[in-house]
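Below: coords.pdb (PDB, C-alpha atoms)
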ATOM      1  CA  MET A   1     122.188 164.401  40.832
ATOM      2  CA  SER A   2     123.873 167.706  41.517
ATOM      3  CA  GLY A   3     122.155 169.165  38.515
ATOM      4  CA  HIS A   4     118.834 168.090  39.960
ATOM      5  CA  PHE A   5     119.489 169.962  43.210
ATOM      6  CA  LYS A   6     120.473 173.082  41.341
ATOM      7  CA  LYS A   7     117.184 173.082  39.566
ATOM      8  CA  LYS A   8     115.270 173.010  42.827
ATOM      9  CA  THR A   9     117.054 175.947  44.381
ATOM     10  CA  LYS A  10     116.135 178.069  41.459
ATOM     11  CA  THR A  11     112.375 177.808  42.128
ATOM     12  CA  LYS A  12     110.602 180.586  44.004
ATOM     13  CA  GLU A  13     110.065 179.919  47.722
ATOM     14  CA  ASP A  14     107.430 182.577  48.306
ATOM     15  CA  ILE A  15     103.927 181.628  49.262
ATOM     16  CA  PRO A  16     101.606 183.584  47.022
ATOM     17  CA  THR A  17     100.097 186.219  49.324
ATOM     18  CA  ALA A  18      97.971 187.929  46.741
ATOM     19  CA  SER A  19      94.865 185.958  47.695
ATOM     20  CA  LEU A  20      95.347 186.386  51.439
ATOM     21  CA  PRO A  21      93.382 189.647  51.644
ATOM     22  CA  ASP A  22      90.518 187.978  49.854
ATOM     23  CA  ILE A  23      90.489 185.158  52.362
ATOM     24  CA  ILE A  24      90.537 187.585  55.281
ATOM     25  CA  PHE A  25      87.854 189.726  53.697
ATOM     26  CA  MET A  26      85.740 186.638  53.310
ATOM     27  CA  LEU A  27      86.170 185.937  57.032
ATOM     28  CA  LEU A  28      85.301 189.542  57.806
ATOM     29  CA  ILE A  29      82.156 189.409  55.738
ATOM     30  CA  PHE A  30      81.239 186.056  57.277
ATOM     31  CA  PHE A  31      81.472 187.504  60.787
ATOM     32  CA  MET A  32      79.617 190.651  59.826
ATOM     33  CA  VAL A  33      76.796 188.638  58.354
ATOM     34  CA  THR A  34      76.477 186.045  61.089
ATOM     35  CA  THR A  35      76.574 188.438  64.054
ATOM     36  CA  VAL A  36      73.389 190.136  63.000
ATOM     37  CA  LEU A  37      70.982 189.988  65.918
ATOM     38  CA  ARG A  38      67.612 188.469  65.422
ATOM     39  CA  GLU A  39      65.635 191.668  65.818
ATOM     40  CA  THR A  40      61.965 191.527  66.509
ATOM     41  CA  THR A  41      59.761 194.395  65.526
ATOM     42  CA  VAL A  42      58.218 195.557  68.745
ATOM     43  CA  GLN A  43      54.628 196.523  68.173
ATOM     44  CA  VAL A  44      54.122 198.078  71.576
ATOM     45  CA  ARG A  45      55.830 201.082  73.084
ATOM     46  CA  THR A  46      58.225 200.145  75.865
ATOM     47  CA  VAL A  47      59.851 203.032  77.624
ATOM     48  CA  LEU A  48      61.648 201.176  80.384
ATOM     49  CA  PRO A  49      61.540 202.440  83.956
ATOM     50  CA  LYS A  50      64.719 203.569  85.663
ATOM     51  CA  ALA A  51      66.164 201.711  88.616
ATOM     52  CA  GLU A  52      69.282 201.441  90.717
ATOM     53  CA  ALA A  53      69.377 197.856  91.959
ATOM     54  CA  LEU A  54      70.182 196.343  88.586
ATOM     55  CA  THR A  55      71.617 192.979  87.715
ATOM     56  CA  LYS A  56      72.992 192.018  84.329
ATOM     57  CA  ILE A  57      71.887 188.990  82.417
ATOM     58  CA  ASP A  58      74.973 187.651  80.741
ATOM     59  CA  GLN A  59      73.545 184.519  79.199
ATOM     60  CA  LYS A  60      71.428 185.907  76.417
ATOM     61  CA  ARG A  61      70.447 182.442  75.274
ATOM     62  CA  LEU A  62      68.363 181.928  78.393
ATOM     63  CA  VAL A  63      66.342 185.091  78.006
ATOM     64  CA  SER A  64      62.933 185.334  76.459
ATOM     65  CA  TYR A  65      61.257 188.707  76.192
ATOM     66  CA  VAL A  66      57.713 189.751  76.943
ATOM     67  CA  TYR A  67      56.806 193.257  75.869
ATOM     68  CA  ILE A  68      53.954 195.037  77.620
ATOM     69  CA  GLY A  69      52.887 198.541  76.714
ATOM     70  CA  PRO A  70      50.527 200.692  74.697
ATOM     71  CA  ARG A  71      50.184 199.558  71.094
ATOM     72  CA  LYS A  72      51.870 201.631  68.438
ATOM     73  CA  LEU A  73      49.339 202.777  65.895
ATOM     74  CA  GLU A  74      49.784 204.554  62.598
ATOM     75  CA  GLY A  75      50.743 208.206  62.692
ATOM     76  CA  ASN A  76      52.580 208.164  66.011
ATOM     77  CA  ARG A  77      49.435 207.434  67.969
ATOM     78  CA  ILE A  78      49.247 204.865  70.716
ATOM     79  CA  GLY A  79      46.378 202.574  71.540
ATOM     80  CA  ASP A  80      45.431 200.421  74.503
ATOM     81  CA  THR A  81      47.807 198.087  76.278
ATOM     82  CA  GLY A  82      49.094 195.085  74.385
ATOM     83  CA  VAL A  83      51.255 192.106  75.291
ATOM     84  CA  GLN A  84      53.795 190.856  72.780
ATOM     85  CA  ILE A  85      55.906 187.725  72.865
ATOM     86  CA  ASP A  86      58.453 187.268  70.082
ATOM     87  CA  ASP A  87      56.922 188.676  66.929
ATOM     88  CA  ALA A  88      53.234 188.536  67.637
ATOM     89  CA  LEU A  89      50.825 190.308  69.913
ATOM     90  CA  VAL A  90      49.065 188.011  72.337
ATOM     91  CA  GLU A  91      45.361 188.785  72.159
ATOM     92  CA  ASP A  92      44.242 186.324  74.816
ATOM     93  CA  LEU A  93      46.446 186.341  77.919
ATOM     94  CA  GLY A  94      45.571 182.684  78.481
ATOM     95  CA  ASN A  95      47.891 181.848  75.575
ATOM     96  CA  VAL A  96      50.902 183.177  77.470
ATOM     97  CA  ARG A  97      50.885 180.027  79.554
ATOM     98  CA  ASP A  98      51.175 177.688  76.549
ATOM     99  CA  ILE A  99      53.810 179.781  74.790
ATOM    100  CA  MET A 100      55.956 180.022  77.882
ATOM    101  CA  TYR A 101      55.520 176.365  78.777
ATOM    102  CA  ARG A 102      56.780 175.372  75.331
ATOM    103  CA  LYS A 103      59.740 177.723  75.705
ATOM    104  CA  LEU A 104      60.489 176.241  79.106
ATOM    105  CA  LEU A 105      60.631 172.740  77.632
ATOM    106  CA  GLU A 106      63.236 173.941  75.144
ATOM    107  CA  GLN A 107      65.245 175.868  77.718
ATOM    108  CA  PRO A 108      64.759 174.633  81.306
ATOM    109  CA  ARG A 109      66.711 177.559  82.769
ATOM    110  CA  LEU A 110      64.580 180.160  81.033
ATOM    111  CA  ILE A 111      64.555 183.727  82.301
ATOM    112  CA  VAL A 112      61.600 185.811  81.237
ATOM    113  CA  SER A 113      62.525 189.433  80.851
ATOM    114  CA  LEU A 114      59.524 191.696  81.147
ATOM    115  CA  LYS A 115      60.001 194.827  79.104
ATOM    116  CA  VAL A 116      57.141 196.863  80.437
ATOM    117  CA  ASP A 117      56.351 200.444  79.560
ATOM    118  CA  GLU A 118      56.599 202.656  82.617
ATOM    119  CA  THR A 119      53.091 204.002  82.164
ATOM    120  CA  SER A 120      51.471 200.547  82.102
ATOM    121  CA  GLU A 121      49.139 199.544  84.866
ATOM    122  CA  MET A 122      50.086 196.775  87.259
ATOM    123  CA  GLY A 123      46.957 194.787  86.459
ATOM    124  CA  VAL A 124      48.297 193.515  83.136
ATOM    125  CA  VAL A 125      51.736 192.802  84.600
ATOM    126  CA  LEU A 126      50.212 190.813  87.456
ATOM    127  CA  ASP A 127      48.027 188.869  85.019
ATOM    128  CA  VAL A 128      51.063 187.963  82.919
ATOM    129  CA  GLN A 129      52.969 186.981  86.065
ATOM    130  CA  GLN A 130      50.087 184.749  87.082
ATOM    131  CA  GLU A 131      50.285 183.028  83.697
ATOM    132  CA  LEU A 132      54.047 182.640  84.084
ATOM    133  CA  ARG A 133      53.503 180.972  87.447
ATOM    134  CA  GLU A 134      51.060 178.573  85.840
ATOM    135  CA  ALA A 135      53.603 177.799  83.113
ATOM    136  CA  GLY A 136      56.350 177.291  85.673
ATOM    137  CA  THR A 137      58.675 179.973  84.313
ATOM    138  CA  LEU A 138      59.476 181.493  87.667
ATOM    139  CA  ARG A 139      62.672 183.394  86.962
ATOM    140  CA  ILE A 140      61.716 186.829  85.766
ATOM    141  CA  ASN A 141      63.452 190.109  85.258
ATOM    142  CA  TYR A 142      61.889 193.551  85.318
ATOM    143  CA  SER A 143      63.942 195.100  82.565
ATOM    144  CA  SER A 144      64.958 198.613  83.551
ATOM    145  CA  LYS A 145      67.572 201.145  82.680
ATOM    146  CA  ARG A 146      70.216 202.657  84.890
ATOM    147  CA  ASP A 147      69.096 205.845  86.520
ATOM    148  CA  ILE A 148      71.567 208.496  85.429
ATOM    149  CA  PRO A 149      71.539 211.192  88.090
ATOM    150  CA  SER A 150      71.156 214.586  86.483
TER     151      SER A 150
ATOM    152  CA  MET B   1     113.576 213.214  27.833
ATOM    153  CA  ALA B   2     113.428 210.079  25.793
ATOM    154  CA  ALA B   3     115.582 208.267  28.300
ATOM    155  CA  MET B   4     113.255 209.259  31.109
ATOM    156  CA  LEU B   5     110.179 208.002  29.332
ATOM    157  CA  ASN B   6     111.897 204.719  28.701
ATOM    158  CA  LYS B   7     112.638 204.334  32.385
ATOM    159  CA  LYS B   8     109.031 204.928  33.321
ATOM    160  CA  THR B   9     107.579 202.286  31.082
ATOM    161  CA  ARG B  10     110.005 199.746  32.397
ATOM    162  CA  ARG B  11     108.913 200.227  36.036
ATOM    163  CA  GLU B  12     106.536 197.586  37.338
ATOM    164  CA  ALA B  13     103.054 198.980  37.904
ATOM    165  CA  GLU B  14     102.068 196.767  40.856
ATOM    166  CA  ILE B  15     100.462 197.824  44.111
ATOM    167  CA  PRO B  16     102.069 196.063  47.071
ATOM    168  CA  THR B  17      99.402 193.659  48.276
ATOM    169  CA  SER B  18     101.250 192.124  51.183
ATOM    170  CA  SER B  19      99.861 194.684  53.644
ATOM    171  CA  MET B  20      96.308 194.246  52.441
ATOM    172  CA  ALA B  21      95.921 191.234  54.715
ATOM    173  CA  ASP B  22      96.974 193.291  57.713
ATOM    174  CA  ILE B  23      94.489 196.008  56.862
ATOM    175  CA  ALA B  24      91.721 193.465  56.515
ATOM    176  CA  PHE B  25      92.726 191.860  59.812
ATOM    177  CA  LEU B  26      92.591 195.228  61.515
ATOM    178  CA  LEU B  27      89.086 195.754  60.162
ATOM    179  CA  LEU B  28      88.087 192.272  61.282
ATOM    180  CA  ILE B  29      89.340 192.870  64.809
ATOM    181  CA  PHE B  30      87.708 196.304  64.897
ATOM    182  CA  PHE B  31      84.327 194.810  64.018
ATOM    183  CA  LEU B  32      84.708 191.922  66.446
ATOM    184  CA  VAL B  33      85.455 194.340  69.275
ATOM    185  CA  THR B  34      82.885 197.014  68.517
ATOM    186  CA  THR B  35      79.870 194.798  67.861
ATOM    187  CA  THR B  36      79.168 194.306  71.551
ATOM    188  CA  ILE B  37      75.598 193.261  72.116
ATOM    189  CA  ASP B  38      73.879 195.453  74.668
ATOM    190  CA  VAL B  39      73.236 193.385  77.771
ATOM    191  CA  ASP B  40      69.813 193.366  79.297
ATOM    192  CA  THR B  41      69.745 194.882  82.760
ATOM    193  CA  GLY B  42      66.919 194.773  85.203
ATOM    194  CA  ILE B  43      65.615 193.763  88.585
ATOM    195  CA  GLY B  44      65.657 190.000  88.919
ATOM    196  CA  MET B  45      62.880 188.228  90.759
ATOM    197  CA  VAL B  46      61.774 184.671  91.298
ATOM    198  CA  LEU B  47      58.050 184.132  91.279
ATOM    199  CA  PRO B  48      56.546 181.789  93.858
ATOM    200  CA  PRO B  49      55.582 178.400  92.421
ATOM    201  CA  LYS B  50      51.982 177.678  91.651
ATOM    202  CA  LEU B  51      50.063 176.858  94.813
ATOM    203  CA  GLU B  52      48.375 173.525  95.053
ATOM    204  CA  ASP B  53      44.750 173.813  96.102
ATOM    205  CA  ASP B  54      44.945 171.475  99.075
ATOM    206  CA  ILE B  55      48.171 172.837 100.533
ATOM    207  CA  GLU B  56      47.876 175.912 102.712
ATOM    208  CA  PRO B  57      50.699 178.439 102.542
ATOM    209  CA  PRO B  58      52.962 178.240 105.593
ATOM    210  CA  PRO B  59      51.909 180.456 108.492
ATOM    211  CA  ILE B  60      53.935 183.649 108.878
ATOM    212  CA  ARG B  61      53.889 185.788 111.969
ATOM    213  CA  GLU B  62      52.482 189.226 111.415
ATOM    214  CA  ARG B  63      55.491 191.045 112.844
ATOM    215  CA  ASN B  64      57.880 189.410 110.381
ATOM    216  CA  VAL B  65      56.107 190.946 107.403
ATOM    217  CA  LEU B  66      56.780 194.501 106.340
ATOM    218  CA  LYS B  67      53.735 195.490 104.353
ATOM    219  CA  ILE B  68      54.209 198.047 101.610
ATOM    220  CA  LEU B  69      51.158 199.224  99.742
ATOM    221  CA  VAL B  70      51.288 201.226  96.512
ATOM    222  CA  ASN B  71      48.048 202.833  95.432
ATOM    223  CA  GLU B  72      46.669 204.060  92.107
ATOM    224  CA  GLN B  73      48.418 207.415  92.374
ATOM    225  CA  GLY B  74      51.753 205.802  93.195
ATOM    226  CA  LEU B  75      51.536 206.829  96.851
ATOM    227  CA  VAL B  76      53.072 204.489  99.383
ATOM    228  CA  LEU B  77      51.902 203.120 102.707
ATOM    229  CA  VAL B  78      54.470 201.303 104.845
ATOM    230  CA  GLU B  79      52.793 199.391 107.671
ATOM    231  CA  ASP B  80      49.715 201.589 107.172
ATOM    232  CA  GLN B  81      51.760 204.773 107.543
ATOM    233  CA  PRO B  82      52.133 207.137 104.587
ATOM    234  CA  SER B  83      55.759 207.220 103.539
ATOM    235  CA  ALA B  84      57.996 208.667 100.873
ATOM    236  CA  VAL B  85      59.578 206.217  98.422
ATOM    237  CA  GLN B  86      63.069 207.254  99.530
ATOM    238  CA  LEU B  87      62.341 206.280 103.137
ATOM    239  CA  ILE B  88      61.525 202.658 102.278
ATOM    240  CA  ARG B  89      65.189 201.691 102.134
ATOM    241  CA  GLU B  90      65.778 202.700 105.756
ATOM    242  CA  GLU B  91      62.512 201.101 106.833
ATOM    243  CA  VAL B  92      63.447 197.755 105.247
ATOM    244  CA  ARG B  93      66.885 197.884 106.847
ATOM    245  CA  LYS B  94      65.377 198.536 110.290
ATOM    246  CA  HIS B  95      62.867 195.738 109.705
ATOM    247  CA  VAL B  96      65.393 193.100 108.680
ATOM    248  CA  LEU B  97      68.174 193.965 111.132
ATOM    249  CA  ASN B  98      65.833 194.303 114.089
ATOM    250  CA  TYR B  99      66.797 191.071 115.922
ATOM    251  CA  GLY B 100      63.604 191.182 117.955
ATOM    252  CA  ALA B 101      64.311 194.560 119.540
ATOM    253  CA  ASP B 102      61.304 196.450 118.233
ATOM    254  CA  PRO B 103      58.028 194.504 118.409
ATOM    255  CA  ARG B 104      56.824 196.156 115.191
ATOM    256  CA  TYR B 105      59.705 194.730 113.148
ATOM    257  CA  ALA B 106      60.990 191.244 112.397
ATOM    258  CA  GLU B 107      62.328 188.743 114.909
ATOM    259  CA  GLU B 108      65.467 187.884 112.953
ATOM    260  CA  PRO B 109      66.854 188.517 109.442
ATOM    261  CA  GLY B 110      66.178 184.960 108.298
ATOM    262  CA  LYS B 111      62.468 185.309 109.006
ATOM    263  CA  ALA B 112      61.976 188.837 107.724
ATOM    264  CA  LEU B 113      59.686 189.263 104.765
ATOM    265  CA  VAL B 114      58.770 192.261 102.664
ATOM    266  CA  SER B 115      55.407 192.242 101.011
ATOM    267  CA  ILE B 116      54.603 194.650  98.189
ATOM    268  CA  LYS B 117      50.984 195.061  97.311
ATOM    269  CA  THR B 118      49.670 197.152  94.462
ATOM    270  CA  ALA B 119      46.293 198.030  93.073
ATOM    271  CA  ARG B 120      45.463 196.973  89.523
ATOM    272  CA  GLN B 121      45.647 200.592  88.401
ATOM    273  CA  THR B 122      49.026 201.280  90.013
ATOM    274  CA  PRO B 123      51.479 202.626  87.432
ATOM    275  CA  TYR B 124      54.320 200.203  86.742
ATOM    276  CA  ASN B 125      56.759 203.041  87.278
ATOM    277  CA  ALA B 126      55.754 203.430  90.927
ATOM    278  CA  TYR B 127      55.935 199.694  91.522
ATOM    279  CA  VAL B 128      59.455 199.420  90.084
ATOM    280  CA  GLY B 129      60.505 202.444  92.135
ATOM    281  CA  VAL B 130      59.371 200.758  95.349
ATOM    282  CA  LEU B 131      60.837 197.391  94.388
ATOM    283  CA  ASP B 132      64.109 199.096  93.529
ATOM    284  CA  GLU B 133      64.311 200.695  96.971
ATOM    285  CA  VAL B 134      63.652 197.366  98.677
ATOM    286  CA  TRP B 135      66.352 195.664  96.622
ATOM    287  CA  MET B 136      68.791 198.500  97.296
ATOM    288  CA  ALA B 137      68.168 198.019 101.020
ATOM    289  CA  TYR B 138      69.145 194.359 100.668
ATOM    290  CA  PHE B 139      72.166 195.195  98.491
ATOM    291  CA  GLU B 140      73.384 197.667 101.102
ATOM    292  CA  MET B 141      72.920 195.148 103.910
ATOM    293  CA  TRP B 142      74.859 192.537 101.926
ATOM    294  CA  ASP B 143      77.576 195.071 101.260
ATOM    295  CA  SER B 144      78.014 195.874 104.936
ATOM    296  CA  GLU B 145      77.976 192.155 105.831
ATOM    297  CA  ALA B 146      80.703 191.550 103.256
ATOM    298  CA  ARG B 147      82.749 194.420 104.635
ATOM    299  CA  GLN B 148      82.558 192.833 108.083
ATOM    300  CA  LEU B 149      84.021 189.676 106.574
ATOM    301  CA  GLY B 150      86.890 191.723 105.157
ATOM    302  CA  PHE B 151      85.790 192.202 101.549
ATOM    303  CA  SER B 152      85.525 195.524  99.772
ATOM    304  CA  ASP B 153      81.893 194.877  98.866
ATOM    305  CA  TYR B 154      79.362 192.120  98.248
ATOM    306  CA  ALA B 155      80.415 191.704  94.617
ATOM    307  CA  ALA B 156      83.952 190.881  95.772
ATOM    308  CA  TYR B 157      82.536 188.292  98.153
ATOM    309  CA  VAL B 158      80.554 186.685  95.338
ATOM    310  CA  THR B 159      83.610 186.491  93.076
ATOM    311  CA  MET B 160      85.488 184.840  95.938
ATOM    312  CA  LEU B 161      82.664 182.279  96.248
ATOM    313  CA  GLU B 162      82.809 181.533  92.531
ATOM    314  CA  THR B 163      86.480 180.678  92.733
ATOM    315  CA  THR B 164      86.288 178.647  95.944
ATOM    316  CA  ASP B 165      82.864 177.113  95.273
ATOM    317  CA  GLY B 166      81.639 177.935  98.777
ATOM    318  CA  GLU B 167      78.235 178.586 100.300
ATOM    319  CA  ASN B 168      76.884 182.105 100.167
ATOM    320  CA  GLU B 169      76.588 182.698 103.895
ATOM    321  CA  ILE B 170      75.561 186.321 103.571
ATOM    322  CA  ARG B 171      72.542 185.447 101.490
ATOM    323  CA  ASP B 172      71.701 182.614 103.855
ATOM    324  CA  LYS B 173      71.783 185.030 106.761
ATOM    325  CA  ILE B 174      69.874 187.868 105.119
ATOM    326  CA  LYS B 175      67.453 186.369 102.665
ATOM    327  CA  ALA B 176      65.928 188.718 100.171
ATOM    328  CA  ALA B 177      62.371 187.602 100.728
ATOM    329  CA  ILE B 178      60.152 189.884  98.697
ATOM    330  CA  SER B 179      56.609 188.863  98.064
ATOM    331  CA  ILE B 180      54.350 190.414  95.458
ATOM    332  CA  ALA B 181      50.852 190.284  96.834
ATOM    333  CA  GLU B 182      47.729 189.957  94.745
ATOM    334  CA  PRO B 183      45.601 193.095  94.628
ATOM    335  CA  ASP B 184      42.280 193.102  96.421
ATOM    336  CA  GLU B 185      39.306 192.456  94.219
ATOM    337  CA  ALA B 186      37.611 195.788  93.776
TER     338      ALA B 186
END

Mind turning this structure into structure tokens?
Amino acid sequence: MSGHFKKKTKTKEDIPTASLPDIIFMLLIFFMVTTVLRETTVQVRTVLPKAEALTKIDQKRLVSYVYIGPRKLEGNRIGDTGVQIDDALVEDLGNVRDIMYRKLLEQPRLIVSLKVDETSEMGVVLDVQQELREAGTLRINYSSKRDIPS
Amino acid sequence: MAAMLNKKTRREAEIPTSSMADIAFLLLIFFLVTTTIDVDTGIGMVLPPKLEDDIEPPPIRERNVLKILVNEQGLVLVEDQPSAVQLIREEVRKHVLNYGADPRYAEEPGKALVSIKTARQTPYNAYVGVLDEVWMAYFEMWDSEARQLGFSDYAAYVTMLETTDGENEIRDKIKAAISIAEPDEA
């Protein structure tokens, strides 16, 4: 029996740490890959207006964006005003209602963030707001940047 | 010389890998900390619900409404008087905290209403500028109310409410009632 014990004490007690960096690197790569934001290519120019009375939206899950601004054309030119939701331009403003209503069914506490170019005219914004009222998505946010006093 | 060469070949040629994990962890933590997603900031509003055809909107007394008009050039009329954008804040404050003193302004803070009307051609910039001033007026009034209750500012009052689960009495007293009016049909 004593011989048996002696044999055991002779074995190495170290945990092999050689593969630990690989495991951690795998974690690192996993996080780097999964935290990529779902970027949408914005097809309209949105230079946000500056404001002071800002509130932050912490829950990003609740937010859905509507982009309003002059269309970006080839060669740095800009065209007439377009409205974009997610990835596509909305040609007929009447469709805004359906799109938003479907989003509202998925997320009842939806906040619609309007990213409107500062040179846009109010007419389009008011039309979109009217559609949002029809859809029942009443919580909106006029996305604006902090005014840095120069 | 021969002895020295012998010594060299005998030495183990291993890189210590035990610290590799720490380095990788440091990288991991660095990335986790630095990849902050930029938060969306803006002016929050709640649109009025869709009006039913057979229900008339509730009657509002004329004096309780502060009418702000923004025209195509971004020029502002407050109660039919030309005004600078910077003066709106003071005007809103006078309107809301009037307590019936001046017949041109509101009867009491709970009934006060601010109406912003734009033309269809009004630049969005001008509209946000006006809306911002109106909101700042309310923020400042909330701040001073909170200071009267013994808080440093309104944000401190709100954090207190979140922990005690109480009613927001400041917002009940001074309601931010901002209405976005439809433009006239040209």

I need the contact residues of chain B against chain A, so if you could list those with any atom within 8 Å, counting only C-alpha atoms, and return them as a PyMOL selection string, that would help.
chain B and resi 17-18+20-22+24-25+27-28+31-32+39-50+118-125+127-129+132-133+135-136+139+182

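Distance check against Arg45 (chain A) using only C-alpha atoms: of A:Asp80, A:Glu91, A:Glu13, A:Asp86, the minimum falls on A:Asp80.
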
Across A:Arg102, A:Val96, A:Val44, A:Gln107, the smallest distance to Asn76 (chain A), with all atoms listed in the file counted, is shown by A:Val44

Atom pair CA of Ile174 (chain B) + CA of Val128 (chain A), distance 29.1 Å

- Find the residues around Met141 (chain B) up to 12 Å (only C-alpha atoms counted), leave out those fewer than 5 positions away in its own chain, and share them as a list of chain:residue names.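 Counting only C-alpha atoms, the residues come to B:Arg89, B:Glu90, B:Val92, B:Arg93, B:Lys94, B:His95, B:Val96, B:Leu97, B:Pro109, B:Val134, B:Trp135, B:Met136, B:Ala146, B:Arg147, B:Gln148, B:Asp153, B:Tyr154, B:Ile170, B:Arg171, B:Lys173, B:Ile174, B:Lys175, B:Ala176.
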
Keeping only C-alpha atoms, write the selected residues as an mmCIF file, in the frame of the given file.
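Now in out_0.cif:
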data_model
loop_
_atom_site.group_PDB
_atom_site.id
_atom_site.type_symbol
_atom_site.label_atom_id
_atom_site.label_comp_id
_atom_site.auth_asym_id
_atom_site.auth_seq_id
_atom_site.Cartn_x
_atom_site.Cartn_y
_atom_site.Cartn_z
ATOM 1 C CA ARG B 89 65.189 201.691 102.134
ATOM 2 C CA GLU B 90 65.778 202.700 105.756
ATOM 3 C CA VAL B 92 63.447 197.755 105.247
ATOM 4 C CA ARG B 93 66.885 197.884 106.847
ATOM 5 C CA LYS B 94 65.377 198.536 110.290
ATOM 6 C CA HIS B 95 62.867 195.738 109.705
ATOM 7 C CA VAL B 96 65.393 193.100 108.680
ATOM 8 C CA LEU B 97 68.174 193.965 111.132
ATOM 9 C CA PRO B 109 66.854 188.517 109.442
ATOM 10 C CA VAL B 134 63.652 197.366 98.677
ATOM 11 C CA TRP B 135 66.352 195.664 96.622
ATOM 12 C CA MET B 136 68.791 198.500 97.296
ATOM 13 C CA ALA B 146 80.703 191.550 103.256
ATOM 14 C CA ARG B 147 82.749 194.420 104.635
ATOM 15 C CA GLN B 148 82.558 192.833 108.083
ATOM 16 C CA ASP B 153 81.893 194.877 98.866
ATOM 17 C CA TYR B 154 79.362 192.120 98.248
ATOM 18 C CA ILE B 170 75.561 186.321 103.571
ATOM 19 C CA ARG B 171 72.542 185.447 101.490
ATOM 20 C CA LYS B 173 71.783 185.030 106.761
ATOM 21 C CA ILE B 174 69.874 187.868 105.119
ATOM 22 C CA LYS B 175 67.453 186.369 102.665
ATOM 23 C CA ALA B 176 65.928 188.718 100.171
#

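Here the PyMOL selection byres ((chain A and resi 71-75) around 10) matches the residues Val42, Gln43, Val44, Arg45, Thr46, Ile68, Gly69, Pro70, Asn76, Arg77, Ile78, Gly79, Asp80, Thr81, Gly82, Val83, Gln84 and Leu89 of chain A.
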
What are the centre and the three edge lengths of an axis-aligned box that wraps all atoms of region 147-151 of chain B in the file, given that 3 Å is added to every side, written as AutoDock Vina command-line options and rounded to one decimal in Å?
--center_x 84.7 --center_y 192.0 --center_z 104.8 --size_x 10.3 --size_y 10.7 --size_z 12.5

Please evaluate the PyMOL selection byres ((chain B and resi 177) around 8) against the displayed coordinates and give the resulting residues as a CSV table (one decimal) with C-alpha atoms, in the frame of the given file.
chain,number,residue,atom,x,y,z
B,112,ALA,CA,62.0,188.8,107.7
B,113,LEU,CA,59.7,189.3,104.8
B,114,VAL,CA,58.8,192.3,102.7
B,175,LYS,CA,67.5,186.4,102.7
B,176,ALA,CA,65.9,188.7,100.2
B,178,ILE,CA,60.2,189.9,98.7
B,179,SER,CA,56.6,188.9,98.1

Review point. Do you have the CA of Tyr67 (chain A)-CA of Val76 (chain B) distance handy?
Key: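 CA of Tyr67 (chain A) sits 26.3 Å away from CA of Val76 (chain B).
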
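Here CA of Glu107 (chain B) is placed at a distance of 7.5 Å from CA of Arg63 (chain B).
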
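Candidate residues B:Ile55, B:Ile60, B:Leu87, B:Ala13 were compared for distance to Ala106 (chain B), and the nearest is B:Ile60, using all atoms listed in the file.
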